[in-house]
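Listing of structure_37.pdb, PDB, C-alpha atoms
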```pdb
ATOM      1  CA  MET A   1       0.000   0.000   0.000
ATOM      2  CA  ARG A   2       1.535   3.257  -1.131
ATOM      3  CA  TYR A   3      -0.280   5.671   1.200
ATOM      4  CA  ARG A   4      -0.327   5.748   4.987
ATOM      5  CA  VAL A   5      -3.103   6.667   7.399
ATOM      6  CA  GLY A   6      -3.138  10.434   7.928
ATOM      7  CA  GLU A   7      -1.549  11.220   4.571
ATOM      8  CA  ARG A   8      -3.191  13.914   2.423
ATOM      9  CA  VAL A   9      -4.273  12.727  -1.023
ATOM     10  CA  ARG A  10      -6.057  14.188  -4.006
ATOM     11  CA  VAL A  11      -8.549  12.212  -6.065
ATOM     12  CA  ALA A  12      -7.512  12.256  -9.712
ATOM     13  CA  ALA A  13      -9.694  14.597 -11.748
ATOM     14  CA  ARG A  14      -9.425  12.580 -14.968
ATOM     15  CA  ALA A  15     -12.387  11.357 -16.931
ATOM     16  CA  HIS A  16     -12.842   7.627 -17.429
ATOM     17  CA  GLU A  17     -14.689   5.805 -20.194
ATOM     18  CA  GLY A  18     -16.692   2.921 -18.794
ATOM     19  CA  HIS A  19     -17.304   1.439 -15.364
ATOM     20  CA  HIS A  20     -15.320   2.755 -12.430
ATOM     21  CA  ARG A  21     -15.981   3.221  -8.742
ATOM     22  CA  THR A  22     -14.649   6.735  -8.183
ATOM     23  CA  PRO A  23     -17.579   9.086  -7.565
ATOM     24  CA  GLY A  24     -17.538  12.187  -9.741
ATOM     25  CA  TYR A  25     -18.253  14.548  -6.861
ATOM     26  CA  LEU A  26     -14.889  13.656  -5.287
ATOM     27  CA  LYS A  27     -12.729  14.002  -8.392
ATOM     28  CA  GLY A  28     -10.144  16.732  -7.855
ATOM     29  CA  LYS A  29     -10.917  16.932  -4.118
ATOM     30  CA  THR A  30      -8.273  16.586  -1.416
ATOM     31  CA  GLY A  31      -8.803  14.392   1.627
ATOM     32  CA  THR A  32      -7.027  12.287   4.232
ATOM     33  CA  ILE A  33      -6.309   8.548   4.267
ATOM     34  CA  GLU A  34      -8.385   7.197   7.148
ATOM     35  CA  ARG A  35      -7.765   3.503   6.644
ATOM     36  CA  ALA A  36      -5.791   1.310   4.272
ATOM     37  CA  HIS A  37      -8.299  -1.516   3.723
ATOM     38  CA  ALA A  38      -6.616  -4.173   1.535
ATOM     39  CA  SER A  39      -6.313  -4.957  -2.166
ATOM     40  CA  PHE A  40      -9.304  -5.993  -4.253
ATOM     41  CA  PRO A  41      -9.887  -6.986  -7.888
ATOM     42  CA  ASN A  42     -10.026  -3.949 -10.156
ATOM     43  CA  PRO A  43     -13.704  -3.276 -10.961
ATOM     44  CA  GLU A  44     -12.735  -1.436 -14.149
ATOM     45  CA  THR A  45     -11.716  -4.677 -15.874
ATOM     46  CA  ARG A  46     -13.853  -7.091 -13.860
ATOM     47  CA  ALA A  47     -16.987  -5.274 -15.074
ATOM     48  CA  TYR A  48     -16.183  -6.414 -18.610
ATOM     49  CA  GLY A  49     -15.503 -10.075 -17.903
ATOM     50  CA  GLY A  50     -11.833  -9.611 -16.990
ATOM     51  CA  ASP A  51     -10.201 -11.130 -13.928
ATOM     52  CA  GLY A  52      -9.606  -7.757 -12.236
ATOM     53  CA  LEU A  53      -5.907  -8.542 -11.831
ATOM     54  CA  PRO A  54      -3.662  -7.148 -10.614
ATOM     55  CA  GLU A  55      -5.655  -6.339  -7.503
ATOM     56  CA  GLN A  56      -5.657  -2.670  -6.530
ATOM     57  CA  PRO A  57      -5.116  -1.306  -3.002
ATOM     58  CA  LEU A  58      -8.268   0.283  -1.577
ATOM     59  CA  TYR A  59      -8.365   3.115   0.951
ATOM     60  CA  LEU A  60     -11.013   4.791   3.055
ATOM     61  CA  VAL A  61     -10.522   8.506   2.372
ATOM     62  CA  GLY A  62     -12.128  11.237   4.458
ATOM     63  CA  PHE A  63     -13.038  14.702   3.151
ATOM     64  CA  VAL A  64     -14.284  17.805   4.916
ATOM     65  CA  GLN A  65     -17.811  18.379   3.599
ATOM     66  CA  ARG A  66     -17.197  22.103   3.062
ATOM     67  CA  ASP A  67     -14.259  21.202   0.788
ATOM     68  CA  VAL A  68     -16.567  19.028  -1.331
ATOM     69  CA  TRP A  69     -19.799  21.016  -1.585
ATOM     70  CA  TYR A  70     -19.907  24.734  -2.205
ATOM     71  CA  GLY A  71     -22.225  26.265   0.378
ATOM     72  CA  TYR A  72     -22.482  23.102   2.509
ATOM     73  CA  GLN A  73     -25.008  23.858   5.253
ATOM     74  CA  GLY A  74     -23.867  21.543   8.049
ATOM     75  CA  ARG A  75     -21.114  21.863  10.618
ATOM     76  CA  ALA A  76     -17.534  22.708   9.680
ATOM     77  CA  SER A  77     -16.368  19.386  11.124
ATOM     78  CA  ASP A  78     -18.859  17.257   9.104
ATOM     79  CA  ARG A  79     -17.019  14.793   6.890
ATOM     80  CA  ILE A  80     -17.699  12.462   4.025
ATOM     81  CA  TYR A  81     -15.841   9.205   3.496
ATOM     82  CA  ALA A  82     -15.513   7.033   0.413
ATOM     83  CA  ASP A  83     -13.492   4.002  -0.621
ATOM     84  CA  VAL A  84     -11.070   4.957  -3.386
ATOM     85  CA  PHE A  85      -8.641   2.713  -5.262
ATOM     86  CA  GLU A  86      -4.953   3.634  -5.194
ATOM     87  CA  HIS A  87      -4.681   4.291  -8.936
ATOM     88  CA  TRP A  88      -7.206   7.114  -8.476
ATOM     89  CA  LEU A  89      -5.157   8.842  -5.764
ATOM     90  CA  GLU A  90      -2.332  11.361  -6.068
ATOM     91  CA  GLU A  91      -0.109  12.923  -3.431
ATOM     92  CA  ALA A  92      -1.634  16.229  -2.361
ATOM     93  CA  GLN A  93       0.542  19.261  -2.895
TER      94      GLN A  93
ATOM     95  CA  MET B   1     -68.093 -11.662 -22.146
ATOM     96  CA  SER B   2     -67.854 -11.083 -18.420
ATOM     97  CA  GLU B   3     -70.848 -11.083 -16.131
ATOM     98  CA  HIS B   4     -69.494  -8.008 -14.309
ATOM     99  CA  ASP B   5     -71.998  -5.483 -13.022
ATOM    100  CA  HIS B   6     -69.422  -2.702 -13.118
ATOM    101  CA  ASP B   7     -67.166  -1.220 -15.759
ATOM    102  CA  HIS B   8     -63.422  -1.001 -15.590
ATOM    103  CA  PRO B   9     -60.514  -1.097 -17.990
ATOM    104  CA  PRO B  10     -59.227  -4.565 -18.773
ATOM    105  CA  ILE B  11     -57.025  -5.975 -15.990
ATOM    106  CA  THR B  12     -53.591  -6.847 -17.321
ATOM    107  CA  ASP B  13     -50.045  -7.250 -16.027
ATOM    108  CA  GLY B  14     -49.207  -4.010 -17.795
ATOM    109  CA  ASP B  15     -46.074  -3.492 -19.826
ATOM    110  CA  GLU B  16     -43.008  -5.291 -18.568
ATOM    111  CA  PRO B  17     -40.665  -2.686 -17.051
ATOM    112  CA  ALA B  18     -37.572  -2.146 -19.195
ATOM    113  CA  ALA B  19     -35.258  -3.259 -16.394
ATOM    114  CA  ALA B  20     -37.215  -6.488 -15.893
ATOM    115  CA  ALA B  21     -37.090  -7.252 -19.616
ATOM    116  CA  ARG B  22     -33.336  -6.639 -19.641
ATOM    117  CA  VAL B  23     -32.772  -8.914 -16.644
ATOM    118  CA  ARG B  24     -34.948 -11.646 -18.157
ATOM    119  CA  ALA B  25     -33.059 -11.438 -21.454
ATOM    120  CA  LEU B  26     -29.711 -11.571 -19.617
ATOM    121  CA  GLU B  27     -30.763 -14.567 -17.560
ATOM    122  CA  GLU B  28     -31.965 -16.428 -20.675
ATOM    123  CA  LEU B  29     -28.662 -15.737 -22.429
ATOM    124  CA  LEU B  30     -26.547 -16.785 -19.439
ATOM    125  CA  VAL B  31     -28.560 -19.973 -19.038
ATOM    126  CA  ALA B  32     -28.321 -20.710 -22.781
ATOM    127  CA  LYS B  33     -24.539 -20.222 -22.654
ATOM    128  CA  GLY B  34     -24.296 -22.495 -19.624
ATOM    129  CA  THR B  35     -22.810 -19.746 -17.437
ATOM    130  CA  VAL B  36     -25.486 -20.127 -14.761
ATOM    131  CA  ARG B  37     -28.324 -22.544 -14.114
ATOM    132  CA  ARG B  38     -31.814 -21.312 -13.336
ATOM    133  CA  GLU B  39     -31.566 -23.180 -10.041
ATOM    134  CA  ASP B  40     -28.473 -21.123  -9.089
ATOM    135  CA  VAL B  41     -30.420 -17.920  -9.695
ATOM    136  CA  ARG B  42     -33.362 -19.173  -7.622
ATOM    137  CA  GLN B  43     -31.110 -20.210  -4.759
ATOM    138  CA  MET B  44     -29.319 -16.858  -4.773
ATOM    139  CA  ILE B  45     -32.639 -14.974  -4.704
ATOM    140  CA  ASP B  46     -33.869 -17.201  -1.870
ATOM    141  CA  TRP B  47     -30.676 -16.549   0.102
ATOM    142  CA  LEU B  48     -30.956 -12.796  -0.467
ATOM    143  CA  VAL B  49     -34.567 -12.544   0.674
ATOM    144  CA  SER B  50     -33.972 -14.889   3.615
ATOM    145  CA  ARG B  51     -31.501 -12.420   5.181
ATOM    146  CA  SER B  52     -32.969 -10.005   7.694
ATOM    147  CA  PRO B  53     -32.010  -7.027   9.864
ATOM    148  CA  ALA B  54     -32.527  -9.326  12.857
ATOM    149  CA  ASP B  55     -28.997 -10.649  12.291
ATOM    150  CA  GLY B  56     -27.445  -7.190  12.369
ATOM    151  CA  ALA B  57     -29.560  -6.373  15.435
ATOM    152  CA  ARG B  58     -28.067  -9.367  17.273
ATOM    153  CA  LEU B  59     -24.580  -8.027  16.603
ATOM    154  CA  VAL B  60     -25.543  -4.587  17.916
ATOM    155  CA  ALA B  61     -27.290  -5.930  21.031
ATOM    156  CA  ARG B  62     -24.294  -8.106  21.897
ATOM    157  CA  ALA B  63     -21.970  -5.123  21.379
ATOM    158  CA  TRP B  64     -24.131  -3.044  23.747
ATOM    159  CA  ILE B  65     -23.848  -5.541  26.596
ATOM    160  CA  ASP B  66     -20.315  -6.822  25.983
ATOM    161  CA  PRO B  67     -17.613  -4.147  25.474
ATOM    162  CA  GLU B  68     -15.008  -6.740  24.481
ATOM    163  CA  PHE B  69     -17.321  -8.110  21.797
ATOM    164  CA  LYS B  70     -17.885  -4.543  20.584
ATOM    165  CA  GLU B  71     -14.130  -4.111  20.133
ATOM    166  CA  ARG B  72     -13.987  -7.360  18.148
ATOM    167  CA  LEU B  73     -16.974  -6.201  16.045
ATOM    168  CA  LEU B  74     -15.273  -2.874  15.310
ATOM    169  CA  GLY B  75     -12.038  -4.678  14.475
ATOM    170  CA  ASP B  76     -13.451  -7.415  12.231
ATOM    171  CA  ALA B  77     -17.216  -7.518  11.771
ATOM    172  CA  ARG B  78     -17.048 -10.671   9.682
ATOM    173  CA  ALA B  79     -15.307 -12.638  12.442
ATOM    174  CA  ALA B  80     -17.701 -11.191  15.027
ATOM    175  CA  ALA B  81     -20.693 -12.338  12.964
ATOM    176  CA  LEU B  82     -19.256 -15.841  12.680
ATOM    177  CA  GLU B  83     -18.702 -15.833  16.452
ATOM    178  CA  LEU B  84     -22.488 -15.406  16.930
ATOM    179  CA  GLY B  85     -23.205 -18.100  14.351
ATOM    180  CA  LEU B  86     -24.389 -15.555  11.774
ATOM    181  CA  ASP B  87     -23.696 -15.792   8.039
ATOM    182  CA  PRO B  88     -21.635 -12.728   7.019
ATOM    183  CA  GLY B  89     -22.130 -13.616   3.371
ATOM    184  CA  PRO B  90     -19.687 -13.931   0.493
ATOM    185  CA  SER B  91     -16.620 -11.858  -0.120
ATOM    186  CA  PRO B  92     -17.222  -8.160   0.562
ATOM    187  CA  VAL B  93     -15.719  -6.998   3.812
ATOM    188  CA  VAL B  94     -18.098  -5.652   6.448
ATOM    189  CA  MET B  95     -16.908  -2.804   8.621
ATOM    190  CA  ALA B  96     -18.813  -1.685  11.705
ATOM    191  CA  VAL B  97     -18.730   1.959  12.813
ATOM    192  CA  GLU B  98     -19.942   3.212  16.176
ATOM    193  CA  ASN B  99     -22.233   6.156  16.830
ATOM    194  CA  THR B 100     -21.479   8.069  20.021
ATOM    195  CA  PRO B 101     -22.837  11.264  21.600
ATOM    196  CA  ALA B 102     -20.068  13.107  19.671
ATOM    197  CA  VAL B 103     -20.109  11.352  16.273
ATOM    198  CA  HIS B 104     -22.983  10.144  14.076
ATOM    199  CA  HIS B 105     -22.423   7.902  11.039
ATOM    200  CA  MET B 106     -24.812   7.318   8.141
ATOM    201  CA  VAL B 107     -24.337   5.115   5.077
ATOM    202  CA  VAL B 108     -25.137   5.587   1.395
ATOM    203  CA  CYS B 109     -24.028   4.110  -1.899
ATOM    204  CA  THR B 110     -24.076   6.928  -4.438
ATOM    205  CA  LEU B 111     -23.015   4.685  -7.326
ATOM    206  CA  CYS B 112     -25.616   1.920  -6.906
ATOM    207  CA  SER B 113     -26.995   0.163  -3.821
ATOM    208  CA  CYS B 114     -24.051  -1.442  -1.983
ATOM    209  CA  TYR B 115     -25.376  -2.594   1.382
ATOM    210  CA  PRO B 116     -24.476  -5.260   3.970
ATOM    211  CA  ARG B 117     -27.203  -7.561   2.627
ATOM    212  CA  ALA B 118     -25.938 -10.651   4.428
ATOM    213  CA  LEU B 119     -26.502  -9.026   7.820
ATOM    214  CA  LEU B 120     -29.363  -6.589   7.056
ATOM    215  CA  GLY B 121     -31.336  -8.259   4.268
ATOM    216  CA  PRO B 122     -32.321  -6.470   1.050
ATOM    217  CA  PRO B 123     -31.953  -2.682   1.210
ATOM    218  CA  PRO B 124     -35.097  -0.544   1.481
ATOM    219  CA  ASP B 125     -36.319   1.054  -1.755
ATOM    220  CA  TRP B 126     -35.465   4.556  -0.539
ATOM    221  CA  TYR B 127     -31.831   3.487  -0.114
ATOM    222  CA  LYS B 128     -31.702   2.784  -3.870
ATOM    223  CA  SER B 129     -33.551   5.956  -4.871
ATOM    224  CA  LEU B 130     -31.766   8.675  -6.805
ATOM    225  CA  SER B 131     -32.918  11.332  -4.340
ATOM    226  CA  TYR B 132     -31.470   9.554  -1.285
ATOM    227  CA  ARG B 133     -28.248   8.710  -3.101
ATOM    228  CA  SER B 134     -27.685  12.296  -4.181
ATOM    229  CA  ARG B 135     -28.922  14.136  -1.091
ATOM    230  CA  ALA B 136     -27.378  11.855   1.551
ATOM    231  CA  VAL B 137     -23.942  13.128   0.540
ATOM    232  CA  SER B 138     -24.685  16.797  -0.151
ATOM    233  CA  ASP B 139     -27.417  17.524   2.426
ATOM    234  CA  PRO B 140     -27.117  14.737   5.011
ATOM    235  CA  ARG B 141     -28.485  16.779   7.906
ATOM    236  CA  GLY B 142     -31.553  17.626   5.843
ATOM    237  CA  VAL B 143     -32.089  13.952   5.019
ATOM    238  CA  LEU B 144     -31.634  12.948   8.669
ATOM    239  CA  SER B 145     -34.182  15.556   9.693
ATOM    240  CA  GLU B 146     -36.712  14.092   7.245
ATOM    241  CA  PHE B 147     -36.129  10.694   8.878
ATOM    242  CA  GLY B 148     -36.794  12.259  12.283
ATOM    243  CA  VAL B 149     -33.179  12.401  13.418
ATOM    244  CA  GLU B 150     -32.207  15.839  14.717
ATOM    245  CA  LEU B 151     -28.525  15.990  15.568
ATOM    246  CA  ASN B 152     -27.270  18.477  18.112
ATOM    247  CA  ASP B 153     -24.959  21.130  16.743
ATOM    248  CA  ASN B 154     -22.025  19.646  18.619
ATOM    249  CA  VAL B 155     -22.337  16.271  16.888
ATOM    250  CA  GLU B 156     -19.921  15.587  14.038
ATOM    251  CA  LEU B 157     -21.696  13.927  11.119
ATOM    252  CA  ARG B 158     -19.797  11.351   9.069
ATOM    253  CA  VAL B 159     -21.342  10.101   5.833
ATOM    254  CA  LEU B 160     -19.907   6.851   4.471
ATOM    255  CA  ASP B 161     -20.267   6.399   0.711
ATOM    256  CA  SER B 162     -19.710   2.670   0.099
ATOM    257  CA  THR B 163     -18.136   2.967  -3.322
ATOM    258  CA  ALA B 164     -16.245  -0.325  -3.511
ATOM    259  CA  ASP B 165     -15.825  -3.668  -1.727
ATOM    260  CA  ILE B 166     -16.465  -2.607   1.868
ATOM    261  CA  ARG B 167     -19.947  -2.740   3.410
ATOM    262  CA  TYR B 168     -20.723  -0.517   6.388
ATOM    263  CA  LEU B 169     -22.886  -1.310   9.402
ATOM    264  CA  VAL B 170     -23.697   1.363  12.003
ATOM    265  CA  ILE B 171     -23.738   0.485  15.708
ATOM    266  CA  PRO B 172     -26.289   2.982  17.063
ATOM    267  CA  ILE B 173     -26.239   4.457  20.556
ATOM    268  CA  ARG B 174     -27.831   2.267  23.204
ATOM    269  CA  PRO B 175     -30.941   4.149  24.341
ATOM    270  CA  ALA B 176     -31.325   5.338  27.902
ATOM    271  CA  GLY B 177     -33.576   3.352  30.202
ATOM    272  CA  THR B 178     -32.518  -0.061  28.904
ATOM    273  CA  GLN B 179     -30.245  -1.150  31.776
ATOM    274  CA  GLU B 180     -32.620  -3.912  32.822
ATOM    275  CA  MET B 181     -33.106  -5.333  29.321
ATOM    276  CA  ASN B 182     -31.586  -8.596  28.228
ATOM    277  CA  GLU B 183     -29.846  -9.155  24.907
ATOM    278  CA  GLU B 184     -32.977 -10.346  23.127
ATOM    279  CA  GLN B 185     -35.033  -7.362  24.298
ATOM    280  CA  LEU B 186     -32.262  -4.997  23.244
ATOM    281  CA  ALA B 187     -32.036  -6.587  19.795
ATOM    282  CA  ALA B 188     -35.750  -5.891  19.297
ATOM    283  CA  LEU B 189     -35.037  -2.156  19.628
ATOM    284  CA  VAL B 190     -32.462  -2.148  16.817
ATOM    285  CA  THR B 191     -34.166  -1.293  13.539
ATOM    286  CA  ARG B 192     -32.802  -1.630  10.024
ATOM    287  CA  ASP B 193     -32.748   2.150   9.596
ATOM    288  CA  ALA B 194     -30.747   2.546  12.821
ATOM    289  CA  MET B 195     -28.030   0.297  11.373
ATOM    290  CA  ILE B 196     -27.862   2.552   8.275
ATOM    291  CA  GLY B 197     -27.636   5.582  10.576
ATOM    292  CA  LEU B 198     -31.070   6.964   9.637
ATOM    293  CA  ALA B 199     -32.731   6.341  13.011
ATOM    294  CA  GLN B 200     -31.860   6.274  16.689
ATOM    295  CA  PRO B 201     -33.226   3.373  18.754
ATOM    296  CA  VAL B 202     -35.527   4.285  21.614
ATOM    297  CA  ALA B 203     -36.625   2.222  24.604
ATOM    298  CA  THR B 204     -40.184   1.208  23.825
ATOM    299  CA  THR B 205     -40.773  -1.375  26.537
ATOM    300  CA  PRO B 206     -42.917   0.052  29.328
ATOM    301  CA  ALA B 207     -41.552   0.130  32.848
ATOM    302  CA  PRO B 208     -42.052  -3.131  34.730
ATOM    303  CA  VAL B 209     -45.324  -3.473  36.604
ATOM    304  CA  HIS B 210     -45.020  -3.659  40.391
TER     305      HIS B 210
END
```

Give the structure from this file in structure tokens form.
Amino acid sequence: MRYRVGERVRVAARAHEGHHRTPGYLKGKTGTIERAHASFPNPETRAYGGDGLPEQPLYLVGFVQRDVWYGYQGRASDRIYADVFEHWLEEAQ
Amino acid sequence: MSEHDHDHPPITDGDEPAAAARVRALEELLVAKGTVRREDVRQMIDWLVSRSPADGARLVARAWIDPEFKERLLGDARAAALELGLDPGPSPVVMAVENTPAVHHMVVCTLCSCYPRALLGPPPDWYKSLSYRSRAVSDPRGVLSEFGVELNDNVELRVLDSTADIRYLVIPIRPAGTQEMNEEQLAALVTRDAMIGLAQPVATTPAPVH
């Protein structure tokens, strides 16, 4: 696993043709690694009958809601978490 | 001709929904190619609908009365389920998260309807709806309010979007006034919605009669 808990990461902002599990609302957003889960088959090839190999490391990444949604109405400390595969993460500047 | 004494439009099954037609066509193709057998599909459907939130509620009730079990549940929910003789289902990993007076968790799957089906049964229709999936992430406090959950301002809200292989199960706060309840009585207070983070259990059993 390339990233460690507590590290700041940015979700890649690239487009992707076809099935992938990176939600659009998080693309380009910066968050923090909360948990390094494990590696799992890559859904981007498995969705088309492939074997999903090599497996890709999966992380739980936390984001401050106000960094994700312009005009977010809740508390400043409210957070949103999503599971993001390593090949969709970049080191945050 | 019918002997009806009232008029109404003809009763039919209506048009087959597009999704149902697509699924039927897929199943026929997969069966024809020998990829699956109809019996496999039936058994999978039976397994899916046989699961129920009662299993998840047993995990929560045990966690409420046994702090060491709660730590094991938070560390490895799959192993904890097996410990109680529950079926945690096939591969996806289940992760339990704990609500406290300071932190409230709620779960959504914005991309489809990922859900800990093995421990909670089939997800409710609202969980799969476009409005829940979009608003649970962008206006979670508004959604909670519509479900009757009003969080205090000092509570940090954490929304979990289950976008991949992990399934999330919320351990709600044990309600006040339940000190005398046994595990089975406690489990009866734990609703499906509470384990998604969209409800808070309340003690419904009346005080004992003297």

Practice task
Pull out every residue of chain B sitting within 8 Å of chain A, counting all atoms listed in the file, and send them as an MDAnalysis selection string.
Solution key: chainID B and resid 110:111 137:139 141 153 156:166

Exercise for the section: Would you translate the PyMOL selection byres ((chain B and resi 197) around 10) into the concrete set of residues it matches in this file, as a VMD selection string? Expected result: chain B and resid 97 to 99 104 to 108 144 149 158 to 160 169 to 172 191 to 196 198 to 200

Would you give the centre and edge lengths, in Å to one decimal, of a box along x, y and z around the listed atoms of range 144-160 of chain B, with 8 Å added to each side, as lines of an AutoDock Vina configuration file?
```
center_x = -28.3
center_y = 14.0
center_z = 11.5
size_x = 33.0
size_y = 30.3
size_z = 30.1
```

What's the 8 Å shell around range 188-190 of chain B, counting all atoms listed in the file, without same-chain residues fewer than 5 positions away, as an mmCIF file with C-alpha atoms, in the frame of the given file?
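File produced: selection.cif:
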```cif
data_model
loop_
_atom_site.group_PDB
_atom_site.id
_atom_site.type_symbol
_atom_site.label_atom_id
_atom_site.label_comp_id
_atom_site.auth_asym_id
_atom_site.auth_seq_id
_atom_site.Cartn_x
_atom_site.Cartn_y
_atom_site.Cartn_z
ATOM 1 C CA ALA B 54 -32.527 -9.326 12.857
ATOM 2 C CA ALA B 57 -29.560 -6.373 15.435
ATOM 3 C CA VAL B 60 -25.543 -4.587 17.916
ATOM 4 C CA ALA B 61 -27.290 -5.930 21.031
ATOM 5 C CA MET B 195 -28.030 0.297 11.373
ATOM 6 C CA PRO B 201 -33.226 3.373 18.754
ATOM 7 C CA VAL B 202 -35.527 4.285 21.614
ATOM 8 C CA ALA B 203 -36.625 2.222 24.604
ATOM 9 C CA THR B 204 -40.184 1.208 23.825
#
```

Handout entry: Interatomic distance (Å, one decimal) between CA of Cys109 in chain B and CA of Leu130 in chain B
Key =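 So the two atoms, CA of Cys109 in chain B and CA of Leu130 in chain B, lie 10.2 Å apart.
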
Handout entry: Between CA of Asp13 in chain B and CA of Ser113 in chain B - distance in Å to one decimal
Key =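 It comes out at 27.1 Å.
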
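For the pair CA of Phe69 in chain B and CA of Ile173 in chain B, the separation is 15.5 Å.
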
Practice task
Report as a ChimeraX atom specification the residues that result from applying the PyMOL selection byres ((chain A and resi 32) around 8) to the structure here.
Solution key: /A:5-9,30-31,33-34,61-63

Handout entry: Polymer residues at most 9 Å from Glu27 in chain B, all atoms listed in the file, same-chain spacing of 6 or more positions, as number ranges by chain
Key = B: 36, 38, 41

Do you know which residues are at most 8 Å from Leu73 in chain B counting all atoms listed in the file, after dropping those on the same chain fewer than 5 positions away, and could you put them as a PDB file with C-alpha atoms, keeping the file's coordinate frame?
```pdb
ATOM      1  CA  LEU B  59     -24.580  -8.027  16.603  1.00  0.00           C
ATOM      2  CA  ALA B  63     -21.970  -5.123  21.379  1.00  0.00           C
ATOM      3  CA  ARG B  78     -17.048 -10.671   9.682  1.00  0.00           C
ATOM      4  CA  ALA B  79     -15.307 -12.638  12.442  1.00  0.00           C
ATOM      5  CA  ALA B  80     -17.701 -11.191  15.027  1.00  0.00           C
ATOM      6  CA  ALA B  81     -20.693 -12.338  12.964  1.00  0.00           C
ATOM      7  CA  ALA B  96     -18.813  -1.685  11.705  1.00  0.00           C
TER       8      ALA B  96
END
```

Problem - Output check: residues returned by the PyMOL selection byres ((chain B and resi 118) around 8), as a ChimeraX atom specification - result: /B:48,51-52,87-89,116-117,119-121
